$ cat entry.txt   # compact mmCIF, C-alpha atoms and all ligand atoms
# COMPACT_ATOMS: atom_id res chain seq x y z
CA MET X 4 174.71 -238.09 -20.03
CA SER X 5 175.97 -236.42 -16.90
CA ILE X 6 176.98 -237.45 -13.43
CA LEU X 7 174.77 -235.54 -11.02
CA LYS X 8 175.78 -234.14 -7.65
CA VAL X 9 174.41 -236.26 -4.80
CA ALA X 10 172.85 -234.41 -1.84
CA ARG X 11 173.86 -235.65 1.61
CA ILE X 12 171.90 -235.51 4.83
CA GLY X 13 171.92 -231.98 6.11
CA HIS X 14 170.87 -230.63 2.72
CA PRO X 15 167.17 -229.72 3.07
CA VAL X 16 166.29 -231.40 -0.25
CA VAL X 17 166.89 -234.83 1.33
CA ARG X 18 164.21 -234.04 3.93
CA THR X 19 161.64 -232.48 1.60
CA PRO X 20 158.71 -234.63 0.34
CA SER X 21 158.59 -234.85 -3.46
CA ARG X 22 155.67 -234.23 -5.80
CA PRO X 23 154.29 -236.76 -8.32
CA VAL X 24 155.57 -236.79 -11.91
CA GLU X 25 152.90 -235.63 -14.40
CA ARG X 26 152.29 -237.92 -17.37
CA GLU X 27 153.17 -235.23 -19.95
CA GLU X 28 156.39 -234.30 -18.20
CA LEU X 29 157.44 -237.97 -18.00
CA ALA X 30 157.45 -238.07 -21.81
CA SER X 31 159.54 -234.90 -22.07
CA PRO X 32 163.21 -235.02 -23.11
CA ARG X 33 164.10 -233.25 -19.86
CA LEU X 34 162.62 -236.01 -17.70
CA GLN X 35 163.98 -238.82 -19.86
CA ARG X 36 167.42 -237.26 -19.65
CA LEU X 37 167.08 -236.92 -15.87
CA ILE X 38 166.35 -240.66 -15.67
CA ASP X 39 169.43 -241.45 -17.79
CA ASP X 40 171.54 -239.17 -15.63
CA MET X 41 170.23 -240.77 -12.42
CA VAL X 42 171.16 -244.23 -13.75
CA GLU X 43 174.62 -242.97 -14.71
CA THR X 44 175.06 -241.34 -11.29
CA MET X 45 173.99 -244.53 -9.50
CA TYR X 46 176.58 -246.53 -11.47
CA GLU X 47 179.30 -243.91 -10.92
CA TYR X 48 178.97 -244.08 -7.15
CA ASP X 49 178.35 -247.85 -6.94
CA GLY X 50 174.84 -247.32 -5.63
CA ILE X 51 172.05 -249.88 -6.02
CA GLY X 52 169.29 -247.30 -5.92
CA LEU X 53 168.91 -243.56 -6.28
CA ALA X 54 165.88 -241.33 -5.72
CA ALA X 55 165.37 -237.96 -7.43
CA PRO X 56 165.56 -235.89 -4.21
CA GLN X 57 169.09 -237.27 -3.76
CA VAL X 58 170.06 -235.39 -6.92
CA HIS X 59 168.24 -232.20 -5.86
CA VAL X 60 165.06 -232.90 -7.84
CA GLY X 61 161.79 -232.99 -5.89
CA LEU X 62 159.98 -235.60 -8.00
CA ARG X 63 158.61 -239.03 -7.10
CA LEU X 64 161.11 -240.92 -9.23
CA ALA X 65 163.76 -243.53 -8.40
CA VAL X 66 166.07 -245.97 -10.14
CA ILE X 67 167.21 -249.37 -8.82
CA GLU X 68 169.70 -251.95 -10.05
CA VAL X 69 171.27 -254.59 -7.82
CA PRO X 70 174.14 -256.69 -9.17
CA ALA X 71 174.28 -260.36 -8.17
CA SER X 72 177.67 -259.59 -6.60
CA ASP X 73 176.05 -257.56 -3.80
CA GLU X 74 176.47 -259.73 -0.69
CA ARG X 75 173.07 -258.67 0.66
CA THR X 76 170.90 -259.86 -2.23
CA GLU X 77 169.48 -263.29 -3.12
CA ALA X 78 169.38 -262.40 -6.80
CA ALA X 79 170.32 -259.65 -9.21
CA VAL X 80 167.67 -256.97 -9.76
CA PRO X 81 167.70 -255.61 -13.31
CA LEU X 82 167.56 -251.87 -13.95
CA THR X 83 164.16 -250.69 -12.74
CA VAL X 84 162.81 -247.16 -13.11
CA LEU X 85 160.02 -246.29 -10.67
CA VAL X 86 157.78 -243.31 -11.37
CA ASN X 87 155.26 -242.36 -8.67
CA PRO X 88 155.79 -245.66 -6.81
CA VAL X 89 153.38 -246.81 -4.11
CA PHE X 90 153.74 -250.01 -2.13
CA THR X 91 151.39 -251.92 0.14
CA PRO X 92 152.31 -254.71 2.58
CA VAL X 93 151.72 -258.35 1.61
CA GLY X 94 151.57 -260.06 4.99
CA GLU X 95 152.99 -258.62 8.17
CA GLU X 96 156.41 -260.24 8.23
CA THR X 97 159.35 -257.90 8.67
CA VAL X 98 163.02 -258.72 8.29
CA LEU X 99 166.15 -257.03 9.54
CA GLY X 100 168.79 -256.30 6.91
CA TRP X 101 171.72 -254.06 6.08
CA GLU X 102 171.28 -250.78 4.23
CA GLY X 103 173.51 -247.96 3.11
CA CYS X 104 172.76 -244.74 1.28
CA LEU X 105 174.63 -242.40 -1.05
CA SER X 106 173.20 -239.50 0.99
CA VAL X 107 174.63 -241.02 4.20
CA PRO X 108 178.06 -241.91 2.83
CA ASP X 109 180.27 -244.75 4.07
CA LEU X 110 177.83 -246.13 6.65
CA ARG X 111 175.74 -249.28 6.95
CA GLY X 112 173.02 -250.09 9.43
CA GLN X 113 170.39 -252.75 10.09
CA VAL X 114 166.84 -251.72 9.25
CA PRO X 115 163.58 -253.64 9.74
CA ARG X 116 161.52 -253.73 6.53
CA LEU X 117 158.49 -255.55 5.15
CA ALA X 118 159.55 -258.93 3.78
CA ARG X 119 157.01 -258.81 0.95
CA LEU X 120 155.10 -256.02 -0.74
CA ARG X 121 152.98 -255.09 -3.71
CA LEU X 122 154.54 -252.38 -5.86
CA GLN X 123 152.48 -250.13 -8.11
CA ALA X 124 154.22 -247.51 -10.22
CA LEU X 125 154.79 -246.36 -13.78
CA ASP X 126 157.87 -247.26 -15.79
CA ARG X 127 159.80 -244.63 -17.77
CA THR X 128 157.42 -244.97 -20.72
CA GLY X 129 154.38 -244.37 -18.52
CA SER X 130 153.23 -247.99 -18.56
CA PRO X 131 151.81 -249.28 -15.28
CA VAL X 132 153.91 -251.62 -13.17
CA ASP X 133 152.04 -253.86 -10.71
CA MET X 134 154.11 -256.59 -9.12
CA GLU X 135 155.05 -258.29 -5.89
CA ALA X 136 158.56 -258.02 -4.55
CA THR X 137 160.34 -259.91 -1.78
CA GLY X 138 163.72 -260.01 -0.11
CA PHE X 139 166.37 -257.46 -0.92
CA PHE X 140 164.43 -256.01 -3.88
CA ALA X 141 161.51 -255.29 -1.53
CA ARG X 142 163.97 -253.66 0.88
CA VAL X 143 165.42 -251.36 -1.77
CA ILE X 144 161.93 -250.34 -2.95
CA GLN X 145 161.05 -249.34 0.64
CA HIS X 146 164.35 -247.45 1.00
CA GLU X 147 163.79 -245.48 -2.22
CA CYS X 148 160.13 -244.75 -1.46
CA ASP X 149 161.24 -243.37 1.92
CA HIS X 150 163.42 -240.83 0.09
CA LEU X 151 160.37 -239.56 -1.80
CA ASP X 152 158.79 -238.64 1.54
CA GLY X 153 161.94 -237.02 2.93
CA ASN X 154 162.95 -240.01 5.03
CA VAL X 155 166.27 -241.87 5.23
CA TYR X 156 167.06 -245.34 6.57
CA LEU X 157 168.49 -243.96 9.80
CA ASP X 158 164.93 -242.90 10.73
CA ARG X 159 163.80 -246.54 10.45
CA MET X 160 166.54 -248.13 12.55
CA LYS X 161 165.29 -249.61 15.81
CA ASP X 162 168.77 -249.98 17.29
CA LEU X 163 171.56 -247.61 16.30
CA ARG X 164 174.15 -250.00 17.73
CA SER X 165 174.40 -251.81 14.38
CA LEU X 166 175.49 -248.61 12.62
CA CYS X 167 178.99 -249.06 11.26
CA PHE X 168 181.35 -247.73 8.63
CA LEU X 169 181.50 -249.55 5.30
CA HIS X 170 185.12 -250.52 5.83
CA GLU X 171 184.35 -252.13 9.19
CA PHE X 172 181.19 -253.72 7.73
CA HIS X 173 183.30 -255.60 5.21
CA ARG X 174 185.94 -256.39 7.81
CA PHE X 175 183.75 -257.66 10.65
CA VAL X 176 180.22 -258.32 9.37
CA VAL X 177 180.52 -259.88 5.93
CA GLN X 178 181.62 -263.46 6.34
CA PRO X 179 184.72 -264.09 4.24
CA GLU X 180 184.08 -266.84 1.69
CA GLU X 181 185.92 -270.05 2.44
ZN ZN K 1 169.27 -243.85 0.10
$ encode --input "entry.txt" --output "structure tokens"
Amino acid sequence: MSILKVARIGHPVVRTPSRPVEREELASPRLQRLIDDMVETMYEYDGIGLAAPQVHVGLRLAVIEVPASDERTEAAVPLTVLVNPVFTPVGEETVLGWEGCLSVPDLRGQVPRLARLRLQALDRTGSPVDMEATGFFARVIQHECDHLDGNVYLDRMKDLRSLCFLHEFHRFVVQPEE
């Protein structure tokens, strides 16, 4: 496996909509290796999600894994591979929460997102995934799906005043545990 180079904002690939993954290509060793490399790259840079355009590949593909230790999540999210993901709102509730992005390094900002959604996708074997997601998992799904359309979380912020550096986020925003 290889660690892939992560594209940052400013690189056109981050702003280019991706094309769907074909079923035959999903089964190919090249695609399966890309998925493994994306997982490895996400772990290497302590990300909790990574979309293919962030590693210079214009495909509708993303990986997610949230450890329970992340202060933003209610629960750990196991490794999830999303191929051609589509989500639809379940209810109209939105929640404000903190996001960061490997393509926007060292920053965090508050982003409004749907509180609950229905996710439809394929897994890495091509089997359909159809599930509801809430909370931080729902947030990460929306963040990764945005990447597949050439969007980043900064585009979704309603108030840029919450934007802060990661260091200051941990110093002033995260409540120290008593
Ligand atoms: Zn991102």
$ residues_near_point --input "entry.txt" --point "(175.3, -248.8, 6.3)" --cutoff "7 Å" --atoms "only C-alpha atoms" --output "MDAnalysis selection string"
chainID X and resid 101:104 109:112 166:169
$ atom_distance --input "entry.txt" --atom1 "CA of Arg116 in chain X" --atom2 "CA of Phe139 in chain X"
9.6 Å
$ atom_distance --input "entry.txt" --atom1 "CA of Ser21 in chain X" --atom2 "CA of Glu135 in chain X"
23.8 Å
$ closest_atom_pairs --input "entry.txt" --of "chain X" --to "ligand ZN 1 (chain K)" --cutoff "9 Å" --atoms "all atoms listed in the file" --output "JSON lines"
{"residue": "X:Gly50", "atom": "CA", "partner": "K:ZN1", "partner_atom": "ZN", "distance": 8.7}
{"residue": "X:Gly52", "atom": "CA", "partner": "K:ZN1", "partner_atom": "ZN", "distance": 6.9}
{"residue": "X:Leu53", "atom": "CA", "partner": "K:ZN1", "partner_atom": "ZN", "distance": 6.4}
{"residue": "X:Ala54", "atom": "CA", "partner": "K:ZN1", "partner_atom": "ZN", "distance": 7.2}
{"residue": "X:Gln57", "atom": "CA", "partner": "K:ZN1", "partner_atom": "ZN", "distance": 7.6}
{"residue": "X:Glu102", "atom": "CA", "partner": "K:ZN1", "partner_atom": "ZN", "distance": 8.3}
{"residue": "X:Gly103", "atom": "CA", "partner": "K:ZN1", "partner_atom": "ZN", "distance": 6.6}
{"residue": "X:Cys104", "atom": "CA", "partner": "K:ZN1", "partner_atom": "ZN", "distance": 3.8}
{"residue": "X:Leu105", "atom": "CA", "partner": "K:ZN1", "partner_atom": "ZN", "distance": 5.7}
{"residue": "X:Ser106", "atom": "CA", "partner": "K:ZN1", "partner_atom": "ZN", "distance": 5.9}
{"residue": "X:Val107", "atom": "CA", "partner": "K:ZN1", "partner_atom": "ZN", "distance": 7.3}
{"residue": "X:Val143", "atom": "CA", "partner": "K:ZN1", "partner_atom": "ZN", "distance": 8.6}
{"residue": "X:His146", "atom": "CA", "partner": "K:ZN1", "partner_atom": "ZN", "distance": 6.2}
{"residue": "X:Glu147", "atom": "CA", "partner": "K:ZN1", "partner_atom": "ZN", "distance": 6.2}
{"residue": "X:Asp149", "atom": "CA", "partner": "K:ZN1", "partner_atom": "ZN", "distance": 8.2}
{"residue": "X:His150", "atom": "CA", "partner": "K:ZN1", "partner_atom": "ZN", "distance": 6.6}
{"residue": "X:Asn154", "atom": "CA", "partner": "K:ZN1", "partner_atom": "ZN", "distance": 8.9}
{"residue": "X:Val155", "atom": "CA", "partner": "K:ZN1", "partner_atom": "ZN", "distance": 6.3}
{"residue": "X:Tyr156", "atom": "CA", "partner": "K:ZN1", "partner_atom": "ZN", "distance": 7.0}
$ atom_distance --input "entry.txt" --atom1 "CA of Met134 in chain X" --atom2 "CA of Ala30 in chain X"
22.7 Å
$ closest_residue --input "entry.txt" --among "X:Ala141, X:Leu163, X:Val176, X:Gly153" --to "Ala78 in chain X" --atoms "only C-alpha atoms"
X:Ala141
$ residues_around --input "entry.txt" --residues "Pro56 in chain X" --least-positions-apart "2" --cutoff "8 Å" --atoms "only C-alpha atoms" --output "number ranges by chain"
X: 10, 16-17, 19, 21, 54, 58-62, 150-151
$ residues_near_point --input "entry.txt" --point "(167.0, -256.8, 9.7)" --cutoff "10 Å" --atoms "all atoms listed in the file" --output "PyMOL selection string"
chain X and resi 97-102+112-118+142+160-161
$ residues_around --input "entry.txt" --residues "Thr44 in chain X" --least-positions-apart "3" --cutoff "12 Å" --atoms "only C-alpha atoms" --output "VMD selection string"
chain X and resid 4 to 10 37 to 41 47 to 55 57 to 58 65 to 68 105
$ closest_residue --input "entry.txt" --among "X:Thr128, X:Asn87, X:Gln35, X:Thr76" --to "Arg63 in chain X" --atoms "all atoms listed in the file"
X:Asn87
$ closest_residue --input "entry.txt" --among "X:Pro15, X:Pro88, X:Gly94, X:Pro20" --to "Leu125 in chain X" --atoms "all atoms listed in the file"
X:Pro88
$ closest_residue --input "entry.txt" --among "X:Arg11, X:Arg127, X:Arg121, X:Arg174" --to "Val84 in chain X" --atoms "only C-alpha atoms"
X:Arg127
$ residues_around --input "entry.txt" --residues "Leu29 in chain X" --least-positions-apart "3" --cutoff "9 Å" --atoms "only C-alpha atoms" --output "list of chain:residue names"
X:Val24, X:Glu25, X:Arg26, X:Pro32, X:Arg33, X:Leu34, X:Gln35, X:Val86, X:Arg127, X:Thr128, X:Gly129
$ axis_aligned_box --input "entry.txt" --around "range 157-170 of chain X" --padding-each-side "5 Å" --output "lines of an AutoDock Vina configuration file"
center_x = 174.5
center_y = -247.4
center_z = 11.5
size_x = 31.3
size_y = 18.9
size_z = 22.4
$ decode --input "entry.txt" --residues "range 27-74 of chain X" --atoms "N, CA and C atoms" --output "compact mmCIF listing (two decimals), in the first residue's frame"
# COMPACT_ATOMS: atom_id res chain seq x y z
N GLU X 27 -17.67 -2.62 -13.27
CA GLU X 27 -16.54 -3.48 -13.65
C GLU X 27 -15.23 -2.91 -13.11
N GLU X 28 -15.11 -1.58 -13.12
CA GLU X 28 -13.86 -1.01 -12.65
C GLU X 28 -13.74 -1.12 -11.13
N LEU X 29 -14.89 -1.16 -10.42
CA LEU X 29 -14.84 -1.32 -8.96
C LEU X 29 -14.18 -2.65 -8.60
N ALA X 30 -14.44 -3.67 -9.40
CA ALA X 30 -13.88 -5.00 -9.12
C ALA X 30 -12.41 -5.11 -9.52
N SER X 31 -11.89 -4.12 -10.23
CA SER X 31 -10.52 -4.24 -10.75
C SER X 31 -9.49 -4.08 -9.64
N PRO X 32 -8.34 -4.74 -9.78
CA PRO X 32 -7.26 -4.57 -8.80
C PRO X 32 -6.84 -3.12 -8.64
N ARG X 33 -6.90 -2.35 -9.71
CA ARG X 33 -6.50 -0.94 -9.63
C ARG X 33 -7.39 -0.16 -8.67
N LEU X 34 -8.71 -0.37 -8.79
CA LEU X 34 -9.65 0.33 -7.91
C LEU X 34 -9.55 -0.16 -6.47
N GLN X 35 -9.42 -1.47 -6.30
CA GLN X 35 -9.32 -2.03 -4.95
C GLN X 35 -8.05 -1.52 -4.27
N ARG X 36 -6.99 -1.39 -5.04
CA ARG X 36 -5.75 -0.86 -4.48
C ARG X 36 -5.89 0.62 -4.14
N LEU X 37 -6.61 1.35 -4.98
CA LEU X 37 -6.86 2.77 -4.69
C LEU X 37 -7.60 2.91 -3.36
N ILE X 38 -8.60 2.06 -3.14
CA ILE X 38 -9.36 2.11 -1.88
C ILE X 38 -8.42 1.84 -0.69
N ASP X 39 -7.59 0.80 -0.82
CA ASP X 39 -6.62 0.51 0.26
C ASP X 39 -5.69 1.69 0.50
N ASP X 40 -5.23 2.29 -0.57
CA ASP X 40 -4.31 3.43 -0.44
C ASP X 40 -5.00 4.64 0.18
N MET X 41 -6.29 4.84 -0.15
CA MET X 41 -7.03 5.95 0.45
C MET X 41 -7.19 5.74 1.96
N VAL X 42 -7.46 4.50 2.35
CA VAL X 42 -7.59 4.20 3.79
C VAL X 42 -6.26 4.46 4.49
N GLU X 43 -5.19 3.99 3.89
CA GLU X 43 -3.85 4.17 4.46
C GLU X 43 -3.50 5.65 4.57
N THR X 44 -3.87 6.42 3.55
CA THR X 44 -3.59 7.86 3.53
C THR X 44 -4.40 8.58 4.60
N MET X 45 -5.66 8.18 4.76
CA MET X 45 -6.51 8.77 5.80
C MET X 45 -5.89 8.52 7.18
N TYR X 46 -5.43 7.29 7.43
CA TYR X 46 -4.81 6.98 8.72
C TYR X 46 -3.53 7.78 8.91
N GLU X 47 -2.72 7.86 7.86
CA GLU X 47 -1.42 8.53 7.95
C GLU X 47 -1.56 9.98 8.39
N TYR X 48 -2.60 10.64 7.88
CA TYR X 48 -2.76 12.07 8.18
C TYR X 48 -3.82 12.34 9.23
N ASP X 49 -4.20 11.28 9.98
CA ASP X 49 -5.17 11.42 11.07
C ASP X 49 -6.49 12.03 10.59
N GLY X 50 -6.88 11.67 9.37
CA GLY X 50 -8.18 12.12 8.88
C GLY X 50 -9.26 11.16 9.34
N ILE X 51 -10.51 11.60 9.25
CA ILE X 51 -11.64 10.72 9.58
C ILE X 51 -12.48 10.46 8.34
N GLY X 52 -12.05 11.03 7.22
CA GLY X 52 -12.71 10.79 5.95
C GLY X 52 -11.80 11.28 4.84
N LEU X 53 -11.91 10.67 3.69
CA LEU X 53 -11.10 11.09 2.54
C LEU X 53 -11.87 10.73 1.28
N ALA X 54 -11.96 11.69 0.37
CA ALA X 54 -12.67 11.47 -0.89
C ALA X 54 -11.65 11.40 -2.02
N ALA X 55 -11.97 10.62 -3.06
CA ALA X 55 -11.00 10.37 -4.13
C ALA X 55 -10.44 11.65 -4.77
N PRO X 56 -11.26 12.70 -4.99
CA PRO X 56 -10.68 13.91 -5.59
C PRO X 56 -9.57 14.52 -4.74
N GLN X 57 -9.59 14.23 -3.43
CA GLN X 57 -8.54 14.75 -2.55
C GLN X 57 -7.20 14.06 -2.79
N VAL X 58 -7.23 12.92 -3.48
CA VAL X 58 -5.98 12.26 -3.85
C VAL X 58 -5.85 12.23 -5.38
N HIS X 59 -6.41 13.28 -6.01
CA HIS X 59 -6.21 13.53 -7.45
C HIS X 59 -6.89 12.51 -8.35
N VAL X 60 -7.96 11.87 -7.84
CA VAL X 60 -8.68 10.89 -8.64
C VAL X 60 -10.15 11.34 -8.73
N GLY X 61 -10.62 11.57 -9.94
CA GLY X 61 -11.95 12.12 -10.14
C GLY X 61 -13.05 11.08 -10.17
N LEU X 62 -13.16 10.30 -9.11
CA LEU X 62 -14.18 9.25 -8.99
C LEU X 62 -15.04 9.48 -7.76
N ARG X 63 -16.32 9.03 -7.86
CA ARG X 63 -17.24 9.20 -6.73
C ARG X 63 -17.01 8.07 -5.73
N LEU X 64 -16.03 8.28 -4.88
CA LEU X 64 -15.53 7.26 -3.96
C LEU X 64 -14.98 7.98 -2.73
N ALA X 65 -15.32 7.45 -1.54
CA ALA X 65 -14.81 8.07 -0.31
C ALA X 65 -14.67 7.00 0.76
N VAL X 66 -13.79 7.25 1.71
CA VAL X 66 -13.63 6.36 2.87
C VAL X 66 -13.83 7.18 4.14
N ILE X 67 -14.39 6.54 5.15
CA ILE X 67 -14.69 7.20 6.43
C ILE X 67 -14.32 6.24 7.56
N GLU X 68 -13.69 6.75 8.60
CA GLU X 68 -13.56 5.99 9.85
C GLU X 68 -13.34 7.01 10.97
N VAL X 69 -14.22 6.97 11.96
CA VAL X 69 -14.13 7.94 13.06
C VAL X 69 -13.84 7.17 14.35
N PRO X 70 -12.69 7.44 14.96
CA PRO X 70 -12.41 6.78 16.25
C PRO X 70 -13.25 7.39 17.37
N ALA X 71 -13.56 6.58 18.38
CA ALA X 71 -14.35 7.07 19.51
C ALA X 71 -13.65 8.23 20.21
N SER X 72 -12.33 8.32 20.04
CA SER X 72 -11.57 9.37 20.72
C SER X 72 -11.79 10.76 20.11
N ASP X 73 -12.41 10.83 18.93
CA ASP X 73 -12.66 12.15 18.34
C ASP X 73 -13.69 12.89 19.19
N GLU X 74 -13.32 14.10 19.65
CA GLU X 74 -14.18 14.81 20.61
C GLU X 74 -15.51 15.24 19.99
